[in-house]
Amino acid sequence: MTGESIRDKFPIFNTYPDLAYLDNAATTQKPTSVLEAITHYYQAENANIHRGIYRLAAKATDRYEQTRNQVMRFLKAPERECIIFTKGTTEGINIVAQSFLTARLNPGDEVLISAMEHHANLVPWQMICAQRGARLRIIPITKSGEIDMETIDELLTANTRMVALTHISNTLGTINPIEAIIEKAHKQDIPVLIDAAQSVAHYDLNVQSLDCDFLVFSGHKMYGPTGVGVLYGKREWLEEMSPYQYGGDMIRLVQFEKTTFAPLPNKLEAGTPNIAGIAALGAAISFLNSQDLSVIQKHIQELGSYTRKLLAEIPDLRLIGEASHVTGIVSFFLEDIHPHDIATFLDHSDIAVRAGHHCTQPLMNLYGIPGTARASFAAYNTQEEVDRLVASLLEMKAFFA
Amino acid sequence: MKKDPKILYQEVILRHNKAPVRYQKMEGAQHHLDAYNPICGDRFSIFLEVANGVISAIHFHGYGCTISKASTSVMVEQLQGKTVEEAMKISKRFLAMIQHKDDEEAPLIRDESLLAFAPARDFPGRDSCATLSWDELLRFLQNLHS
């Protein structure tokens with residue numbers, strides 16, 4: 001189910017019937033089932049987890065741990081201990097950078113990322129490298145916004161300690177050949193982190209067949225709530241990692257003199273989590289499982305190519321990111337009209353797009369532009385909304401002429 | 001429900017955007033300010049000559065949206081030839097208007113070019129477009145003055 005037929009499941013479109021919400025790469029709207037999961041949790045299952053003896057506490061713990069199992073199955077992870085709940089993608093990456101990589105990084109070592117990374121998958125590595133006297137190296141991209149695969153072999157050196165890569169670019173829409181890059185990195189025993197923030201909603205992920213060392217994503221970009229996410233890691237790495245936050249739940253035995261830590265996954269989950277958010281994440285996974293993912297994927301890719309086709313006909317409009325493997329994320333730039341003006345003008349017609357650098361400032365610099373306007377699609381978007389976008393852009397061009 | 005873009009994009013703003021005042025780099029300018037908004041990437045260089053407490057020359061150059069460019073152009077147009085004190089007063093009044101603090105500063109702005117930016121207050125994120133260069137300039141003038 002896509003487009004009009006799935007719209008009724010999303011209450012926000014009852015609140016705003018005229019809204020063409022084309023900013024799904026920033027966050028997605030939520031189906032009723034996800035909202036109900038939050039309410040249901042607080043109405044019937046709310047207690048603190050892991051420590052209670054009474055039945056309500058057991059319900060809360062069950063809900064939390066069942067969701068962990070759900071995520072494990074969703075990612076086809078081997079064990080539930082490999083699934084760590086976080087606040088989101090950004091936190092997940094920071095945890096790996098600090099708790100995994102720092103101990104392994106020495107002066108002269110290298111960390112490899114691509115030129116299209118979101119700041120969340122750039123700044124943490126940059127900071128750790130600076131701290132440890134290591135070097136951050138960048139895989140270049142081609143003009144069409146694809147990873148330059150010819151450079152990979154020489155960029156994976158004897159000094160490379162980590163590769164961090166986005167599965168799908170939030171600015172360009174490019175789908176990266178992560179399997180091939182993971183394989184190359186593993187030939188030299190280099191661990192790889194995959195940023196799946198943009199792919200988790202619509203692309204089938206199998207961490208075992210990918211054989212990635214870490215994978216991160218956020219709930220709010222897959223029809224789930226804000227404030228929750230997942231860090232998947234291979235067991236051997238998570239066991240090696242020291243906790244990055246200390247406190248309740250992550251301990252085994254606490255004395256004034258010393259403390260021992262809980263086993264996985266609790267070791268990396270200090271404090272009371274966003275239990276209701278996790279419950280809602282579970283509902284979001286159930287929602288996706290109830291859909292035919294390949295149909296949704298095809299739908300958003302078709303909306304993407306339809307948009308690209310129509311935008312290419314607008315004079316003075318430049319598309320950024322025209323990879324051969326690309327999803328329903330379309331960034332564009334008008335020669336004489338600033339992205340902010342585009343976004344305000346479109347907002348006048350109830351069309352929501354994002355304008356700016358999309359947290360990829362270095363990528364913008366590579367293209368020599370300060371920012372773009374970006375349309376990004378989800379299951380509930382329609383071709384009619386794209387037609388509205390194009391009509392509005394043409395009106396805008398006439399207005400500013 | 002459709003809104004009229006003319007509410008935000010008034011004639012004077014469109015005019016300043018198309019033909020910005022003294023839009024040129026000034027080599028070897030006495031003062032060079034960098035007005036930068038990291039959220040959107042708007043960035044203007046403001047070039048100034050200040051002699052005997054008067055802004056004898058003020059130019060600008062750079063990249064920005066319609067609102068920030070027009071606002072900087074209006075600023076450059078209005079403040080050339082003004083004393084540092086006068087320029088500070090006008091800047092404060094303009095910023096107060098955009099930040100909805102009209103009652104704190106009297107007399108109210110009557111100038112049509114400055115008033116044109118008032119609607120930016122009501123458009124998400126666009127108020128900072130209007131204030132970008134004025135904020136930077138006021139900071140500079142306050143340092144100069146003290």
# chains A, B, ... in the order shown; residues from 1 in each chain; ligands from 1
>>> closest_atom_pairs(of="chain B", to="chain A", cutoff="9 Å", atoms="only C-alpha atoms", output="JSON lines")
{"residue": "B:Met1", "atom": "CA", "partner": "A:Asp350", "partner_atom": "CA", "distance": 6.9}
{"residue": "B:Lys2", "atom": "CA", "partner": "A:Ser349", "partner_atom": "CA", "distance": 5.0}
{"residue": "B:Lys3", "atom": "CA", "partner": "A:His348", "partner_atom": "CA", "distance": 4.8}
{"residue": "B:Asp4", "atom": "CA", "partner": "A:His348", "partner_atom": "CA", "distance": 6.9}
{"residue": "B:Pro5", "atom": "CA", "partner": "A:Phe345", "partner_atom": "CA", "distance": 6.4}
{"residue": "B:Leu14", "atom": "CA", "partner": "A:Phe400", "partner_atom": "CA", "distance": 7.6}
{"residue": "B:Ile39", "atom": "CA", "partner": "A:Gly356", "partner_atom": "CA", "distance": 6.9}
{"residue": "B:Cys40", "atom": "CA", "partner": "A:Gly356", "partner_atom": "CA", "distance": 4.8}
{"residue": "B:Gly41", "atom": "CA", "partner": "A:Pro370", "partner_atom": "CA", "distance": 5.3}
{"residue": "B:Asp42", "atom": "CA", "partner": "A:Pro370", "partner_atom": "CA", "distance": 7.4}
{"residue": "B:Tyr63", "atom": "CA", "partner": "A:Pro370", "partner_atom": "CA", "distance": 8.3}
{"residue": "B:Gly64", "atom": "CA", "partner": "A:His338", "partner_atom": "CA", "distance": 6.8}
{"residue": "B:Cys65", "atom": "CA", "partner": "A:His338", "partner_atom": "CA", "distance": 4.8}
{"residue": "B:Thr66", "atom": "CA", "partner": "A:Asp341", "partner_atom": "CA", "distance": 6.6}
{"residue": "B:Ile67", "atom": "CA", "partner": "A:Asp341", "partner_atom": "CA", "distance": 8.1}
{"residue": "B:Phe123", "atom": "CA", "partner": "A:Thr344", "partner_atom": "CA", "distance": 7.7}
{"residue": "B:Pro124", "atom": "CA", "partner": "A:Thr344", "partner_atom": "CA", "distance": 8.3}
{"residue": "B:Gly125", "atom": "CA", "partner": "A:His340", "partner_atom": "CA", "distance": 8.8}
{"residue": "B:Arg126", "atom": "CA", "partner": "A:His340", "partner_atom": "CA", "distance": 8.1}
>>> residues_around(residues="segment 244-249 of chain A", least_positions_apart="2", cutoff="10 Å", atoms="only C-alpha atoms", output="ChimeraX atom specification")
/A:49-51,94-96,98-100,241-242,251-252,254,261-262,266-273
>>> write_last_selection(atoms="C-alpha atoms", output="compact mmCIF listing (two decimals), in the first residue's frame")
# COMPACT_ATOMS: atom_id res chain seq x y z
CA ILE A 49 12.28 -1.87 33.58
CA HIS A 50 14.63 -4.63 34.74
CA ARG A 51 14.32 -4.16 38.46
CA ASN A 94 29.51 8.67 18.94
CA ILE A 95 29.45 5.54 21.10
CA VAL A 96 31.47 3.57 18.55
CA GLN A 98 34.54 6.87 21.72
CA SER A 99 34.12 3.41 23.20
CA PHE A 100 35.45 1.28 20.37
CA MET A 241 33.96 -1.81 24.37
CA SER A 242 33.99 -0.18 27.75
CA ILE A 251 26.27 -2.43 36.60
CA ARG A 252 26.70 -5.85 38.13
CA VAL A 254 28.70 -1.64 43.00
CA PHE A 261 29.66 -4.00 34.78
CA ALA A 262 26.64 -5.88 33.54
CA ASN A 266 22.85 -3.72 29.52
CA LYS A 267 26.51 -2.70 29.78
CA LEU A 268 25.90 -0.10 27.08
CA GLU A 269 22.44 1.04 28.24
CA ALA A 270 22.85 3.14 31.38
CA GLY A 271 19.88 4.75 33.06
CA THR A 272 16.18 4.51 32.37
CA PRO A 273 15.66 4.47 28.62
>>> residues_around(residues="Leu75 of chain A", least_positions_apart="3", cutoff="6 Å", atoms="only C-alpha atoms", output="VMD selection string")
chain A and resid 72 205 to 207
>>> residues_around(residues="Ala130 of chain B", least_positions_apart="6", cutoff="12 Å", atoms="only C-alpha atoms", output="ChimeraX atom specification")
/B:8-9,13,35,37,42,64-75,91,94-99,114-124,136
>>> residues_around(residues="Pro31 of chain A", least_positions_apart="5", cutoff="12 Å", atoms="only C-alpha atoms", output="PyMOL selection string")
chain A and resi 6-14+36-38+220+222-225+280-281+283-288+379-380
>>> residues_around(residues="Arg235 of chain A", least_positions_apart="5", cutoff="9 Å", atoms="only C-alpha atoms", output="list of chain:residue names")
A:Glu79, A:Glu81, A:Cys82, A:Glu240, A:Leu264
>>> write_last_selection(atoms="N, CA and C atoms", output="tab-separated table (two decimals), in the first residue's frame")
chain	number	residue	atom	x	y	z
A	79	GLU	N	22.24	-12.35	17.49
A	79	GLU	CA	21.87	-12.45	18.91
A	79	GLU	C	21.27	-11.15	19.39
A	81	GLU	N	21.90	-9.75	22.15
A	81	GLU	CA	22.92	-8.97	22.85
A	81	GLU	C	23.66	-8.01	21.94
A	82	CYS	N	23.47	-8.19	20.66
A	82	CYS	CA	24.12	-7.30	19.69
A	82	CYS	C	23.31	-6.04	19.42
A	240	GLU	N	34.31	-5.95	23.78
A	240	GLU	CA	35.57	-5.24	23.95
A	240	GLU	C	35.34	-3.82	24.45
A	264	LEU	N	26.36	-7.69	28.20
A	264	LEU	CA	25.60	-7.11	27.10
A	264	LEU	C	24.15	-7.62	27.16
>>> atom_distance(atom1="atom CA of Ile178 of chain A", atom2="atom CA of Leu210 of chain A")
7.8 Å
>>> select_by_dssp(residues="chain B", states="strand (DSSP E or B)", output="MDAnalysis selection string")
chainID B and resid 23 31:37 42:51 54:63 83
>>> residues_around(residues="segment 195-200 of chain A", least_positions_apart="3", cutoff="8 Å", atoms="only C-alpha atoms", output="PDB file with C-alpha atoms, in the first residue's frame")
ATOM      1  CA  ALA A  25      14.820  12.355   4.895  1.00  0.00           C
ATOM      2  CA  THR A  89      21.995   7.445  14.841  1.00  0.00           C
ATOM      3  CA  ASN A 121      29.268  10.365  10.574  1.00  0.00           C
ATOM      4  CA  ALA A 164      32.552   4.618   8.378  1.00  0.00           C
ATOM      5  CA  LEU A 165      30.144   4.882   5.493  1.00  0.00           C
ATOM      6  CA  THR A 166      26.599   5.903   4.781  1.00  0.00           C
ATOM      7  CA  HIS A 167      24.364   3.369   3.077  1.00  0.00           C
ATOM      8  CA  ILE A 168      22.273   6.078   1.402  1.00  0.00           C
ATOM      9  CA  SER A 169      23.230   9.756   1.148  1.00  0.00           C
ATOM     10  CA  ASN A 170      20.666  12.068   2.744  1.00  0.00           C
ATOM     11  CA  TYR A 203      15.608  -1.193   2.238  1.00  0.00           C
ATOM     12  CA  ASP A 204      15.942  -4.685   3.583  1.00  0.00           C
ATOM     13  CA  LEU A 205      18.908  -4.850   5.957  1.00  0.00           C
ATOM     14  CA  LEU A 215      25.202  -0.472  11.962  1.00  0.00           C
ATOM     15  CA  VAL A 216      23.251   2.513  13.263  1.00  0.00           C
ATOM     16  CA  PHE A 217      19.819   3.948  12.617  1.00  0.00           C
ATOM     17  CA  SER A 218      17.123   6.170  14.149  1.00  0.00           C
ATOM     18  CA  LYS A 221      13.205   8.136  10.039  1.00  0.00           C
ATOM     19  CA  MET A 222      11.348   4.836   9.807  1.00  0.00           C
TER      20      MET A 222
END
>>> select_by_dssp(residues="chain B", states="alpha helix (DSSP H)", output="VMD selection string")
chain B and resid 11 to 18 66 to 79 84 to 98 112 to 115 127 to 145
>>> atom_distance(atom1="atom CA of Thr28 of chain A", atom2="atom CA of Gly368 of chain A")
29.3 Å
>>> atom_distance(atom1="atom CA of Gly3 of chain A", atom2="atom CA of Gly328 of chain A")
13.6 Å
>>> closest_residue(among="A:Tyr42, A:Trp125, A:Phe377, A:Trp237", to="Gln29 of chain A", atoms="only C-alpha atoms")
A:Phe377
>>> closest_residue(among="A:Lys143, A:Ala276, A:Lys76, A:Thr15", to="Gly227 of chain A", atoms="only C-alpha atoms")
A:Ala276
